[in-house]
>>> print(open('start01.csv').read())   # CSV, C-alpha atoms
chain,number,residue,atom,x,y,z
J,1004,MET,CA,-83.4,33.6,89.9
J,1005,TYR,CA,-82.5,37.0,88.6
J,1006,ASP,CA,-82.7,38.6,92.1
J,1007,ASP,CA,-79.8,36.3,93.2
J,1008,LEU,CA,-77.3,37.3,90.5
J,1009,PRO,CA,-73.7,37.8,91.6
J,1010,GLU,CA,-72.5,41.4,91.2
J,1011,ASP,CA,-69.7,40.4,88.9
J,1012,HIS,CA,-71.0,40.1,85.3
J,1013,GLU,CA,-69.0,37.1,84.4
J,1014,ASN,CA,-70.0,35.2,87.6
J,1015,ALA,CA,-73.6,36.2,86.9
J,1016,PHE,CA,-73.3,34.7,83.4
J,1017,VAL,CA,-72.0,31.4,84.8
J,1018,TYR,CA,-74.8,31.4,87.4
J,1019,LEU,CA,-77.5,32.0,84.8
J,1020,GLU,CA,-76.1,29.5,82.3
J,1021,ARG,CA,-76.2,26.8,85.0
J,1022,ARG,CA,-79.8,27.6,85.9
J,1023,PHE,CA,-80.8,27.5,82.2
J,1024,ARG,CA,-79.0,24.2,81.8
J,1025,GLU,CA,-80.8,22.7,84.8
J,1026,GLN,CA,-84.1,23.8,83.2
J,1027,LEU,CA,-83.1,22.2,79.9
J,1028,ASP,CA,-82.1,18.9,81.6
J,1029,GLU,CA,-85.3,18.8,83.5
J,1030,SER,CA,-87.4,19.4,80.4
J,1031,LEU,CA,-85.6,16.7,78.5
J,1032,LYS,CA,-86.0,14.1,81.3
J,1033,ASP,CA,-88.1,11.1,80.2
J,1034,ASN,CA,-88.8,12.8,76.8
J,1035,ASP,CA,-88.3,10.8,73.7
J,1036,GLN,CA,-89.7,13.2,71.1
J,1037,GLY,CA,-87.0,14.5,68.8
J,1038,SER,CA,-88.9,17.6,67.8
J,1039,PHE,CA,-89.4,18.6,71.5
J,1040,ASP,CA,-85.7,18.0,72.2
J,1041,ALA,CA,-84.7,20.4,69.4
J,1042,TYR,CA,-87.2,23.0,70.7
J,1043,ALA,CA,-85.9,22.8,74.3
J,1044,LYS,CA,-82.3,23.0,73.2
J,1045,ARG,CA,-82.9,26.0,71.0
J,1046,ARG,CA,-84.7,27.8,73.9
J,1047,TYR,CA,-81.7,27.1,76.1
J,1048,MET,CA,-79.3,28.5,73.4
J,1049,SER,CA,-81.6,31.6,73.1
J,1050,ALA,CA,-81.6,32.2,76.9
J,1051,VAL,CA,-77.9,31.9,77.2
J,1052,LYS,CA,-77.4,34.3,74.2
J,1053,ALA,CA,-79.8,36.8,75.9
J,1054,ALA,CA,-77.9,36.6,79.2
J,1055,ALA,CA,-74.5,37.1,77.4
J,1056,THR,CA,-75.9,40.1,75.6
J,1057,SER,CA,-77.3,41.7,78.8
J,1058,LEU,CA,-74.1,41.0,80.7
J,1059,ASP,CA,-71.7,42.0,78.0
J,1060,ILE,CA,-70.1,38.6,77.6
J,1061,PRO,CA,-68.3,38.7,74.2
J,1062,GLY,CA,-68.5,36.0,71.5
J,1063,ILE,CA,-71.8,34.3,72.5
J,1064,ALA,CA,-74.3,36.9,71.1
J,1065,GLU,CA,-72.8,36.4,67.6
J,1066,PHE,CA,-73.3,32.6,67.7
J,1067,PRO,CA,-75.8,31.8,64.9
J,1068,MET,CA,-79.1,30.3,66.0
J,1069,PRO,CA,-80.3,27.2,64.1
J,1070,SER,CA,-83.5,27.9,62.1
J,1071,ASN,CA,-84.9,24.3,62.0
J,1072,GLU,CA,-84.7,21.0,63.8
J,1073,ARG,CA,-81.9,19.5,61.6
J,1074,GLU,CA,-79.6,22.5,62.3
J,1075,VAL,CA,-80.2,22.2,66.0
J,1076,TRP,CA,-78.5,18.9,66.3
J,1077,ALA,CA,-75.4,20.2,64.7
J,1078,ALA,CA,-75.3,23.6,66.3
J,1079,PHE,CA,-76.1,22.5,69.9
J,1080,GLU,CA,-73.0,20.3,70.2
J,1081,ASP,CA,-70.7,23.2,69.2
J,1082,PHE,CA,-72.5,25.7,71.4
J,1083,GLU,CA,-72.4,23.4,74.4
J,1084,THR,CA,-68.7,22.8,74.0
J,1085,ASP,CA,-67.9,26.5,73.6
J,1086,ILE,CA,-70.0,27.4,76.6
J,1087,LEU,CA,-68.1,24.9,78.7
J,1088,ASN,CA,-64.8,26.2,77.4
J,1089,LEU,CA,-65.8,29.8,78.4
J,1090,THR,CA,-67.3,29.0,81.8
J,1091,VAL,CA,-64.3,27.0,82.8
J,1092,GLN,CA,-62.0,29.9,81.8
J,1093,ILE,CA,-64.1,32.4,83.8
J,1094,GLU,CA,-64.0,30.2,86.9
J,1095,ILE,CA,-60.3,29.6,86.7
J,1096,ASN,CA,-59.5,33.3,86.2
J,1097,HIS,CA,-61.8,34.4,89.1
J,1098,ALA,CA,-60.3,31.7,91.4
J,1099,ARG,CA,-56.8,33.0,90.7
J,1100,ARG,CA,-57.9,36.6,91.3
J,1101,ARG,CA,-59.6,35.6,94.6
J,1102,LYS,CA,-56.4,34.0,95.7
J,1103,ARG,CA,-54.4,37.1,94.8
J,1104,TYR,CA,-56.7,39.4,96.9
J,1105,SER,CA,-57.2,37.1,99.8
J,1106,VAL,CA,-55.1,35.4,102.5
J,1107,VAL,CA,-55.1,32.2,104.7
J,1108,PHE,CA,-54.7,32.4,108.4
J,1109,ASP,CA,-53.5,29.7,110.8
J,1110,GLY,CA,-55.2,29.2,114.2
J,1111,ALA,CA,-52.9,31.5,116.2
J,1112,GLU,CA,-53.4,34.3,113.6
J,1113,ARG,CA,-57.1,34.0,113.8
J,1114,GLU,CA,-57.1,34.3,117.6
J,1115,ARG,CA,-55.0,37.4,117.4
J,1116,LEU,CA,-57.3,38.9,114.8
J,1117,ARG,CA,-60.4,38.1,117.0
J,1118,HIS,CA,-58.7,39.9,119.9
J,1119,TYR,CA,-57.9,43.0,117.8
J,1120,ILE,CA,-61.5,43.1,116.5
J,1121,GLU,CA,-62.8,42.9,120.1
J,1122,GLN,CA,-60.6,45.9,121.0
J,1123,ILE,CA,-62.0,47.9,118.2
J,1124,ARG,CA,-65.5,46.9,119.2
J,1125,ALA,CA,-64.8,48.2,122.7
J,1126,VAL,CA,-63.6,51.5,121.4
J,1127,VAL,CA,-66.7,51.9,119.2
J,1128,GLU,CA,-69.0,51.0,122.2
J,1129,LYS,CA,-67.4,53.8,124.3
J,1130,SER,CA,-67.7,56.4,121.5
J,1131,ASP,CA,-70.3,59.1,121.4
J,1132,ALA,CA,-71.6,58.0,118.0
J,1133,PRO,CA,-75.4,57.4,117.7
J,1134,GLN,CA,-76.5,53.9,118.5
J,1135,GLY,CA,-77.7,53.3,115.0
J,1136,LYS,CA,-74.2,54.1,113.6
J,1137,ARG,CA,-72.5,52.0,116.2
J,1138,ASP,CA,-74.8,49.0,115.4
J,1139,ALA,CA,-73.9,49.3,111.7
J,1140,ILE,CA,-70.2,49.2,112.6
J,1141,PHE,CA,-70.8,46.2,114.9
J,1142,LYS,CA,-72.4,44.4,112.0
J,1143,LYS,CA,-69.3,45.1,109.8
J,1144,LEU,CA,-67.0,43.8,112.6
J,1145,ALA,CA,-69.2,40.7,113.0
J,1146,ASP,CA,-68.9,40.1,109.2
J,1147,LEU,CA,-65.1,40.5,109.5
J,1148,THR,CA,-65.0,38.0,112.4
J,1149,LEU,CA,-66.9,35.5,110.2
J,1150,GLU,CA,-64.6,36.2,107.3
J,1151,ILE,CA,-61.4,35.3,109.1
J,1152,ASP,CA,-62.9,31.9,109.7
J,1153,ARG,CA,-63.2,31.2,106.0
J,1154,THR,CA,-60.6,29.2,104.1
J,1155,ARG,CA,-59.4,32.5,102.6
J,1156,THR,CA,-60.1,35.9,104.0
J,1157,ARG,CA,-60.9,38.5,101.3
J,1158,TYR,CA,-59.2,41.9,101.5
J,1159,GLU,CA,-62.4,43.6,100.5
J,1160,VAL,CA,-64.2,42.5,103.7
J,1161,VAL,CA,-61.3,43.8,105.8
J,1162,ALA,CA,-61.3,47.1,104.0
J,1163,ASP,CA,-65.1,47.4,104.4
J,1164,ALA,CA,-64.9,47.0,108.2
J,1165,VAL,CA,-61.9,49.4,108.5
J,1166,LEU,CA,-63.7,52.1,106.4
J,1167,SER,CA,-66.8,51.8,108.5
J,1168,VAL,CA,-64.9,52.4,111.7
J,1169,ALA,CA,-62.9,55.2,110.0
J,1170,ARG,CA,-66.1,57.1,109.3
J,1171,LEU,CA,-66.7,57.2,113.1
J,1172,SER,CA,-63.8,59.6,113.5
J,1173,GLY,CA,-65.4,62.2,111.3
J,1174,ASP,CA,-62.8,64.9,110.6
J,1175,VAL,CA,-59.6,62.8,110.8
J,1176,GLU,CA,-57.3,65.8,111.0
J,1177,ARG,CA,-59.3,67.3,113.9
J,1178,GLU,CA,-60.1,64.2,115.9
J,1179,GLY,CA,-57.2,61.9,115.0
J,1180,LEU,CA,-57.3,58.2,114.3
J,1181,GLU,CA,-56.5,56.9,117.8
J,1182,PRO,CA,-57.4,54.9,119.8
J,1183,TRP,CA,-58.8,52.3,117.3
J,1184,TRP,CA,-56.2,52.9,114.6
J,1185,LYS,CA,-53.5,51.0,116.6
J,1186,TRP,CA,-55.6,47.9,116.5
J,1187,VAL,CA,-56.2,48.3,112.7
J,1188,LYS,CA,-52.4,48.5,112.2
J,1189,LEU,CA,-52.0,45.3,114.1
J,1190,ILE,CA,-54.6,43.6,111.9
J,1191,PHE,CA,-52.8,44.8,108.8
J,1192,GLY,CA,-49.6,43.4,110.3
J,1193,VAL,CA,-51.1,39.9,110.7
J,1194,ILE,CA,-52.4,40.0,107.2
J,1195,ASP,CA,-49.0,41.1,105.8
J,1196,ASP,CA,-47.2,38.3,107.7
J,1197,ALA,CA,-49.7,35.7,106.6
J,1198,LYS,CA,-49.5,36.7,103.0
J,1199,ASP,CA,-45.7,36.7,103.0
J,1200,LYS,CA,-45.8,33.0,104.2
J,1201,GLU,CA,-47.9,32.0,101.2
J,1202,PRO,CA,-46.1,30.4,98.2
J,1203,LYS,CA,-45.5,32.9,95.5
J,1204,GLN,CA,-47.7,32.5,92.4
J,1205,THR,CA,-45.7,30.9,89.6
J,1206,LEU,CA,-48.4,30.5,87.0
J,1207,PRO,CA,-48.4,33.0,84.1
J,1208,ALA,CA,-50.9,35.9,84.1
J,1209,PRO,CA,-54.4,34.9,82.9
J,1210,GLU,CA,-54.8,35.1,79.1
J,1211,GLU,CA,-57.5,37.2,77.5
J,1212,ARG,CA,-60.8,35.3,77.4
J,1213,LYS,CA,-61.3,33.4,74.3
J,1214,ARG,CA,-64.1,34.6,72.1
J,1215,LEU,CA,-66.6,32.0,71.0
J,1216,GLU,CA,-66.6,31.1,67.4
J,1217,ALA,CA,-69.4,30.0,65.0
J,1218,PRO,CA,-69.9,26.3,64.8
J,1219,ARG,CA,-67.0,24.6,63.1
J,1220,LYS,CA,-69.0,21.7,61.6
J,1221,GLN,CA,-72.4,20.6,60.6
J,1222,LEU,CA,-73.5,17.3,62.0
J,1223,PRO,CA,-76.3,15.3,60.3
J,1224,ALA,CA,-79.5,15.0,62.2
J,1225,PRO,CA,-80.0,11.7,64.1
J,1226,GLU,CA,-82.3,9.2,62.4
J,1227,ASN,CA,-85.9,9.0,63.4
J,1228,LYS,CA,-85.9,12.3,65.3
J,1229,GLY,CA,-89.1,13.5,63.8
J,1230,PHE,CA,-89.9,16.0,61.1
J,1231,GLU,CA,-88.1,19.3,60.6
J,1232,LYS,CA,-89.6,22.2,62.3
J,1233,SER,CA,-89.2,25.9,62.0
J,1234,PHE,CA,-88.9,28.0,65.1
J,1235,ASP,CA,-90.2,31.5,65.0
J,1236,ASP,CA,-89.4,33.1,68.4
J,1237,ASP,CA,-86.3,33.1,70.5
J,1238,ILE,CA,-87.8,33.2,74.0
J,1239,PRO,CA,-85.4,32.9,76.9
J,1240,PHE,CA,-86.5,30.9,80.0
>>> encode(input="start01.csv", output="structure tokens")
Amino acid sequence: MYDDLPEDHENAFVYLERRFREQLDESLKDNDQGSFDAYAKRRYMSAVKAAATSLDIPGIAEFPMPSNEREVWAAFEDFETDILNLTVQIEINHARRRKRYSVVFDGAERERLRHYIEQIRAVVEKSDAPQGKRDAIFKKLADLTLEIDRTRTRYEVVADAVLSVARLSGDVEREGLEPWWKWVKLIFGVIDDAKDKEPKQTLPAPEERKRLEAPRKQLPAPENKGFEKSFDDDIPF
């Protein structure tokens, strides 16, 4: 689970919270013991708080942990609601940033881009660069070809491919950027034209992420949920 974390710390938090929630839901399946429910929910809360601390997500680490079974029933509802509030904000803000730094191509634009990429590939193939370096560039160009077939093409993938080819020139002032640079300029031209055709964003800039607050209320424990139980250790999943 931890080896598959996204690079972005907020996306990593959303990823981990969902994995912890899946583990919680699985542990509660077909279980009718109130004391175990409280234990499992407290473990989930502890794991989410630990992830928030490690990934520097504000507001969650300060959320007070319930110390006994009765407090779990009240605290979990507030914690669950606030986590949902936060993760939705993260996903909306990241979706808007992805849209800002990406572009949509139509069929004709994709065909032109594929042609330009093939021209760059041919230039690299004819170069005197070591085969290992050429293979690495071919991999970047293949990634770029796949990227333009996505719903939205990310600028970072385009830049990564261009920089890889640029390194092939070595000393730019001495060797110059031609002949592959003309194809790069044509790629940039397609990107600019496609971006200009997109509707301009009219939504206001994303607001600063809301900090989670302590529980706002204390709910009574459900009846017949078993005896109160103290919890000694906060052990994440």
>>> residues_around(input="start01.csv", residues="Leu1149 of chain J", least_positions_apart="4", cutoff="12 Å", atoms="only C-alpha atoms", output="PyMOL selection string")
chain J and resi 1113+1116-1117+1120+1142-1145+1153-1157+1160-1161+1164
>>> atom_distance(input="start01.csv", atom1="atom CA of Asp1007 of chain J", atom2="atom CA of Ala1139 of chain J")
23.4 Å
>>> residues_around(input="start01.csv", residues="Met1004 of chain J", least_positions_apart="4", cutoff="9 Å", atoms="only C-alpha atoms", output="JSON, numbers by chain")
{"J": [1008, 1019, 1022]}
>>> residues_around(input="start01.csv", residues="Ser1105 of chain J", least_positions_apart="2", cutoff="12 Å", atoms="all atoms listed in the file", output="MDAnalysis selection string")
chainID J and resid 1097:1103 1107:1108 1150:1151 1153:1162 1194:1195 1197:1199 1201
>>> build_atoms(input="start01.csv", residues="segment 1057-1068 of chain J", atoms="N, CA, C and O atoms", output="mmCIF file, in the coordinates of the input")
data_model
loop_
_atom_site.group_PDB
_atom_site.id
_atom_site.type_symbol
_atom_site.label_atom_id
_atom_site.label_comp_id
_atom_site.auth_asym_id
_atom_site.auth_seq_id
_atom_site.Cartn_x
_atom_site.Cartn_y
_atom_site.Cartn_z
ATOM 1 N N SER J 1057 -76.983 40.772 77.654
ATOM 2 C CA SER J 1057 -77.300 41.700 78.800
ATOM 3 C C SER J 1057 -76.088 41.915 79.661
ATOM 4 O O SER J 1057 -75.899 43.022 80.172
ATOM 5 N N LEU J 1058 -75.250 40.886 79.835
ATOM 6 C CA LEU J 1058 -74.100 41.000 80.700
ATOM 7 C C LEU J 1058 -72.806 41.330 80.023
ATOM 8 O O LEU J 1058 -71.740 41.316 80.632
ATOM 9 N N ASP J 1059 -72.899 41.617 78.734
ATOM 10 C CA ASP J 1059 -71.700 42.000 78.000
ATOM 11 C C ASP J 1059 -70.635 40.982 77.946
ATOM 12 O O ASP J 1059 -69.457 41.282 78.134
ATOM 13 N N ILE J 1060 -71.027 39.730 77.717
ATOM 14 C CA ILE J 1060 -70.100 38.600 77.600
ATOM 15 C C ILE J 1060 -69.801 38.461 76.078
ATOM 16 O O ILE J 1060 -70.706 38.108 75.321
ATOM 17 N N PRO J 1061 -68.587 38.719 75.620
ATOM 18 C CA PRO J 1061 -68.300 38.700 74.200
ATOM 19 C C PRO J 1061 -68.323 37.309 73.583
ATOM 20 O O PRO J 1061 -68.071 36.324 74.262
ATOM 21 N N GLY J 1062 -68.638 37.242 72.295
ATOM 22 C CA GLY J 1062 -68.500 36.000 71.500
ATOM 23 C C GLY J 1062 -69.773 35.186 71.433
ATOM 24 O O GLY J 1062 -69.991 34.513 70.432
ATOM 25 N N ILE J 1063 -70.626 35.214 72.446
ATOM 26 C CA ILE J 1063 -71.800 34.300 72.500
ATOM 27 C C ILE J 1063 -72.956 34.915 71.690
ATOM 28 O O ILE J 1063 -73.678 34.205 70.988
ATOM 29 N N ALA J 1064 -73.153 36.220 71.822
ATOM 30 C CA ALA J 1064 -74.300 36.900 71.100
ATOM 31 C C ALA J 1064 -74.223 36.667 69.637
ATOM 32 O O ALA J 1064 -75.255 36.635 68.958
ATOM 33 N N GLU J 1065 -73.001 36.535 69.093
ATOM 34 C CA GLU J 1065 -72.800 36.400 67.600
ATOM 35 C C GLU J 1065 -73.019 34.951 67.173
ATOM 36 O O GLU J 1065 -72.996 34.686 65.971
ATOM 37 N N PHE J 1066 -73.175 34.024 68.103
ATOM 38 C CA PHE J 1066 -73.300 32.600 67.700
ATOM 39 C C PHE J 1066 -74.611 32.451 66.922
ATOM 40 O O PHE J 1066 -75.681 32.815 67.386
ATOM 41 N N PRO J 1067 -74.549 31.897 65.701
ATOM 42 C CA PRO J 1067 -75.800 31.800 64.900
ATOM 43 C C PRO J 1067 -76.757 30.795 65.439
ATOM 44 O O PRO J 1067 -76.392 29.699 65.853
ATOM 45 N N MET J 1068 -78.013 31.195 65.468
ATOM 46 C CA MET J 1068 -79.100 30.300 66.000
ATOM 47 C C MET J 1068 -79.553 29.396 64.837
ATOM 48 O O MET J 1068 -79.753 29.847 63.707
#
